[in-house]
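S.K.: Once you've had a glance at the structure underneath, I'll fire off some questions.
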Amino acid sequence: MNTLVRRVWSVAAVAALALSIGGTALGQAPQPELKAPDPTGLPIIGTWRINLDKSSPRLRQMRDPSWTQEYAVIDGGIQHTVWETYPPKSWDLPWKGVGNESHTYWFKLDGKQIYKDPQGPNGQSQTVSMWLADRYTVFRQRMTAGVEDERVLMQVSSDGKTLTWMNWSANAPNPEVGSMIIVFDRVKDDSPRLVKPKS
């Protein structure tokens, strides 16, 4: 297991512990509201293309080699846009409501479970909450119809060239069960795109 994967797993363990302690504490006393940090200048901001050679092997059957993620600062939060194939045939595709192919959603790093349709408008009533664990690491918790079902650590390498997602089931006792590693390379992108602010 390489150093990056070990580091991601250690952060995952701390995040899972914090969630379990926080969940207990939530039943006992109100928690202070987390103020969302300004995402401007965070290493995750930018455009990232999947690296299938470094990702979990099963992704070769699930993703196009040009699958691309974009994180842009909009209205004090982050617009996360997913391009199934890149460059796309149409730049406005993510805003057309076509489901979990190319899609976009907006969030703040405030830990609130209110940001809708992280997989696109797929009819599954999905929301996410997002936290900034440190400058290089974002933690995401997804719920489907009110039930937590997925956790993701998104970690940018110290040189800013690689983004690694560690996905695992929120319902598995061992985070390595059903886990998947997705590795992205930063790409320079000067393509004109249609960026719409959140509604």
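Within each chain, counting starts at residue 1; across the structure tokens, chains are named A, B, ... in the order shown, with ligands numbered 1 upward in that order.
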Can you tell me, as a PDB file with N, CA, C and O atoms, in the first residue's frame, what residues are no more than 6 Å from Asp117 (chain A) when counting only C-alpha atoms, ignoring any on the same chain fewer than 4 positions away?

M.R.:
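Output saved as result30.pdb:
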```
ATOM      1  N   PRO A 121     -29.698  14.743 -11.002  1.00  0.00           N
ATOM      2  CA  PRO A 121     -31.106  14.573 -10.618  1.00  0.00           C
ATOM      3  C   PRO A 121     -31.621  13.182 -10.979  1.00  0.00           C
ATOM      4  O   PRO A 121     -32.301  12.982 -11.969  1.00  0.00           O
ATOM      5  N   GLN A 126     -31.008  12.326  -3.091  1.00  0.00           N
ATOM      6  CA  GLN A 126     -29.670  12.319  -2.507  1.00  0.00           C
ATOM      7  C   GLN A 126     -29.229  13.725  -2.103  1.00  0.00           C
ATOM      8  O   GLN A 126     -29.515  14.702  -2.788  1.00  0.00           O
ATOM      9  N   THR A 127     -28.538  13.788  -0.970  1.00  0.00           N
ATOM     10  CA  THR A 127     -27.914  15.020  -0.499  1.00  0.00           C
ATOM     11  C   THR A 127     -26.501  14.686  -0.033  1.00  0.00           C
ATOM     12  O   THR A 127     -26.187  13.530   0.246  1.00  0.00           O
TER      13      THR A 127
END
```

S.K.: Extract the full set of strand (DSSP E or B) residues from region 30-117 of chain A according to DSSP on the backbone, and format it as a PDB file with N, CA and C atoms, in the first residue's frame.

M.R.:
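The resulting file, part-v3.pdb, is shown below:
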```
ATOM      1  N   GLY A  46     -10.116  23.597  -9.565  1.00  0.00           N
ATOM      2  CA  GLY A  46      -9.488  23.355 -10.858  1.00  0.00           C
ATOM      3  C   GLY A  46     -10.167  22.222 -11.594  1.00  0.00           C
ATOM      4  N   THR A  47      -9.502  21.726 -12.623  1.00  0.00           N
ATOM      5  CA  THR A  47     -10.042  20.687 -13.498  1.00  0.00           C
ATOM      6  C   THR A  47      -9.185  19.433 -13.380  1.00  0.00           C
ATOM      7  N   TRP A  48      -9.861  18.278 -13.253  1.00  0.00           N
ATOM      8  CA  TRP A  48      -9.191  17.005 -12.986  1.00  0.00           C
ATOM      9  C   TRP A  48      -9.726  15.929 -13.915  1.00  0.00           C
ATOM     10  N   ARG A  49      -8.827  15.160 -14.539  1.00  0.00           N
ATOM     11  CA  ARG A  49      -9.222  14.063 -15.423  1.00  0.00           C
ATOM     12  C   ARG A  49      -8.818  12.734 -14.790  1.00  0.00           C
ATOM     13  N   ILE A  50      -9.688  11.738 -14.918  1.00  0.00           N
ATOM     14  CA  ILE A  50      -9.429  10.437 -14.299  1.00  0.00           C
ATOM     15  C   ILE A  50      -8.169   9.789 -14.870  1.00  0.00           C
ATOM     16  N   THR A  68     -14.089  13.747 -16.398  1.00  0.00           N
ATOM     17  CA  THR A  68     -13.423  14.932 -15.845  1.00  0.00           C
ATOM     18  C   THR A  68     -14.289  15.601 -14.789  1.00  0.00           C
ATOM     19  N   GLN A  69     -13.632  16.070 -13.735  1.00  0.00           N
ATOM     20  CA  GLN A  69     -14.290  16.800 -12.644  1.00  0.00           C
ATOM     21  C   GLN A  69     -13.776  18.232 -12.650  1.00  0.00           C
ATOM     22  N   GLU A  70     -14.666  19.160 -12.383  1.00  0.00           N
ATOM     23  CA  GLU A  70     -14.246  20.548 -12.258  1.00  0.00           C
ATOM     24  C   GLU A  70     -14.804  21.112 -10.957  1.00  0.00           C
ATOM     25  N   TYR A  71     -13.945  21.783 -10.190  1.00  0.00           N
ATOM     26  CA  TYR A  71     -14.335  22.468  -8.962  1.00  0.00           C
ATOM     27  C   TYR A  71     -14.068  23.949  -9.171  1.00  0.00           C
ATOM     28  N   ALA A  72     -15.130  24.769  -9.094  1.00  0.00           N
ATOM     29  CA  ALA A  72     -14.994  26.210  -9.315  1.00  0.00           C
ATOM     30  C   ALA A  72     -15.634  26.961  -8.156  1.00  0.00           C
ATOM     31  N   VAL A  73     -15.031  28.052  -7.740  1.00  0.00           N
ATOM     32  CA  VAL A  73     -15.576  28.879  -6.662  1.00  0.00           C
ATOM     33  C   VAL A  73     -16.706  29.732  -7.235  1.00  0.00           C
ATOM     34  N   ILE A  74     -17.904  29.557  -6.684  1.00  0.00           N
ATOM     35  CA  ILE A  74     -19.097  30.302  -7.107  1.00  0.00           C
ATOM     36  C   ILE A  74     -19.873  30.714  -5.860  1.00  0.00           C
ATOM     37  N   GLY A  77     -19.172  29.333  -2.402  1.00  0.00           N
ATOM     38  CA  GLY A  77     -19.153  27.876  -2.278  1.00  0.00           C
ATOM     39  C   GLY A  77     -18.415  27.281  -3.464  1.00  0.00           C
ATOM     40  N   ILE A  78     -18.647  25.996  -3.698  1.00  0.00           N
ATOM     41  CA  ILE A  78     -17.969  25.294  -4.788  1.00  0.00           C
ATOM     42  C   ILE A  78     -19.003  24.685  -5.722  1.00  0.00           C
ATOM     43  N   GLN A  79     -18.869  24.968  -7.012  1.00  0.00           N
ATOM     44  CA  GLN A  79     -19.668  24.312  -8.043  1.00  0.00           C
ATOM     45  C   GLN A  79     -18.860  23.119  -8.521  1.00  0.00           C
ATOM     46  N   HIS A  80     -19.398  21.922  -8.294  1.00  0.00           N
ATOM     47  CA  HIS A  80     -18.728  20.692  -8.719  1.00  0.00           C
ATOM     48  C   HIS A  80     -19.434  20.202  -9.975  1.00  0.00           C
ATOM     49  N   THR A  81     -18.715  20.196 -11.083  1.00  0.00           N
ATOM     50  CA  THR A  81     -19.282  19.786 -12.361  1.00  0.00           C
ATOM     51  C   THR A  81     -18.560  18.538 -12.845  1.00  0.00           C
ATOM     52  N   VAL A  82     -19.347  17.570 -13.285  1.00  0.00           N
ATOM     53  CA  VAL A  82     -18.824  16.288 -13.746  1.00  0.00           C
ATOM     54  C   VAL A  82     -19.120  16.165 -15.237  1.00  0.00           C
ATOM     55  N   TRP A  83     -18.089  15.885 -16.001  1.00  0.00           N
ATOM     56  CA  TRP A  83     -18.227  15.691 -17.451  1.00  0.00           C
ATOM     57  C   TRP A  83     -17.969  14.219 -17.753  1.00  0.00           C
ATOM     58  N   HIS A 103     -23.193  16.168 -14.931  1.00  0.00           N
ATOM     59  CA  HIS A 103     -24.085  16.863 -13.998  1.00  0.00           C
ATOM     60  C   HIS A 103     -23.296  17.870 -13.177  1.00  0.00           C
ATOM     61  N   THR A 104     -24.011  18.678 -12.414  1.00  0.00           N
ATOM     62  CA  THR A 104     -23.370  19.678 -11.574  1.00  0.00           C
ATOM     63  C   THR A 104     -24.208  19.907 -10.325  1.00  0.00           C
ATOM     64  N   TYR A 105     -23.552  20.286  -9.251  1.00  0.00           N
ATOM     65  CA  TYR A 105     -24.235  20.694  -8.027  1.00  0.00           C
ATOM     66  C   TYR A 105     -23.326  21.659  -7.283  1.00  0.00           C
ATOM     67  N   TRP A 106     -23.905  22.379  -6.332  1.00  0.00           N
ATOM     68  CA  TRP A 106     -23.197  23.429  -5.601  1.00  0.00           C
ATOM     69  C   TRP A 106     -23.233  23.094  -4.113  1.00  0.00           C
ATOM     70  N   PHE A 107     -22.151  23.427  -3.394  1.00  0.00           N
ATOM     71  CA  PHE A 107     -22.118  23.166  -1.952  1.00  0.00           C
ATOM     72  C   PHE A 107     -21.195  24.152  -1.258  1.00  0.00           C
ATOM     73  N   TYR A 115     -27.139  19.724   0.491  1.00  0.00           N
ATOM     74  CA  TYR A 115     -26.787  19.998  -0.899  1.00  0.00           C
ATOM     75  C   TYR A 115     -27.271  18.853  -1.783  1.00  0.00           C
ATOM     76  N   LYS A 116     -28.189  19.188  -2.693  1.00  0.00           N
ATOM     77  CA  LYS A 116     -28.963  18.182  -3.418  1.00  0.00           C
ATOM     78  C   LYS A 116     -28.301  17.704  -4.705  1.00  0.00           C
TER      79      LYS A 116
END
```

S.K.: I want to know what sits within 7 Å of Val138 (chain A), based on only C-alpha atoms, with residues of the same chain fewer than 6 positions away left out; could you give that as a list in words?

M.R.: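 Once the adjacent positions are removed, what remains is Met130, Trp131, Leu132, Leu153, Met154 and Gln155 of chain A.
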
S.K.: Show me, as a count of residues only, the residues that have an atom within 12 Å of Val128 (chain A) when counting only C-alpha atoms, minus same-chain residues fewer than 5 positions from it.

M.R.: 30

S.K.: What lies within 6 Å of region 179-181 of chain A using only C-alpha atoms, ignoring chain neighbours under 6 positions off, as a PyMOL selection string?

M.R.: chain A and resi 55-56+165-168

S.K.: Pick out the closest residue to Ser90 (chain A) from this set: A:Leu42, A:Ser102, A:Asn51, A:Lys161. Count only C-alpha atoms.

M.R.: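 Smallest separation from Ser90 (chain A) among the options: A:Ser102.
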
S.K.: What gap, in Å, lies between CA of Val156 (chain A) and CA of Asp92 (chain A)?

M.R.: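 Between these atoms lies a distance of 27.2 Å.
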
S.K.: Would you compute the distance between CA of Leu163 (chain A) and CA of Phe184 (chain A)? Give it in Å to one decimal.

M.R.: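 It comes out at 5.0 Å.
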
S.K.: CA of Ser66 (chain A) and CA of Trp91 (chain A), how far apart in Å?

M.R.: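 Going from CA of Trp91 (chain A) over to CA of Ser66 (chain A) covers 14.8 Å.
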
S.K.: Pick out each residue of region 16-146 of chain A that DSSP on the backbone tags as alpha helix (DSSP H); I need them as a list in words.

M.R.: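 Listing alpha helix (DSSP H) positions across region 16-146 of chain A yields Ala16, Leu17, Ala18, Leu19, Ser20, Ile21, Gly22, Gly23, Thr24, Ala25, Leu26, Gly27, Gln28, Leu59, Arg60, Gln61 and Met62 of chain A.
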
S.K.: Just C-alpha atoms for this one: save the residues we selected as a tab-separated table (two decimals), in the first residue's frame.

M.R.:
```tsv
chain	number	residue	atom	x	y	z
A	16	ALA	CA	-15.24	8.10	10.81
A	17	LEU	CA	-14.36	8.42	14.51
A	18	ALA	CA	-15.35	12.09	14.50
A	19	LEU	CA	-18.68	11.21	12.87
A	20	SER	CA	-19.43	8.50	15.42
A	21	ILE	CA	-18.54	10.77	18.35
A	22	GLY	CA	-20.41	13.68	16.78
A	23	GLY	CA	-23.47	11.49	16.22
A	24	THR	CA	-23.53	10.60	19.93
A	25	ALA	CA	-23.00	14.19	20.94
A	26	LEU	CA	-25.80	15.35	18.63
A	27	GLY	CA	-28.28	13.34	20.68
A	28	GLN	CA	-27.11	14.96	23.94
A	59	LEU	CA	-13.51	1.76	-12.99
A	60	ARG	CA	-12.33	0.73	-16.47
A	61	GLN	CA	-15.77	-0.78	-17.03
A	62	MET	CA	-17.59	2.19	-15.45
```

S.K.: Would you please work out which residue, of A:Ser129, A:Asn122, A:Ser169, A:Thr162, is nearest to Ile45 (chain A) when using only C-alpha atoms?

M.R.: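 Looking only at the distances to Ile45 (chain A), the closest residue turns out to be A:Thr162.
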
S.K.: Name the closest residue to Thr137 (chain A) among the candidates A:Pro43, A:Pro88, A:Pro94, A:Pro65; distances are taken between atoms, counting only C-alpha atoms.

M.R.: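 Closest to Thr137 (chain A) of all the choices is A:Pro43.
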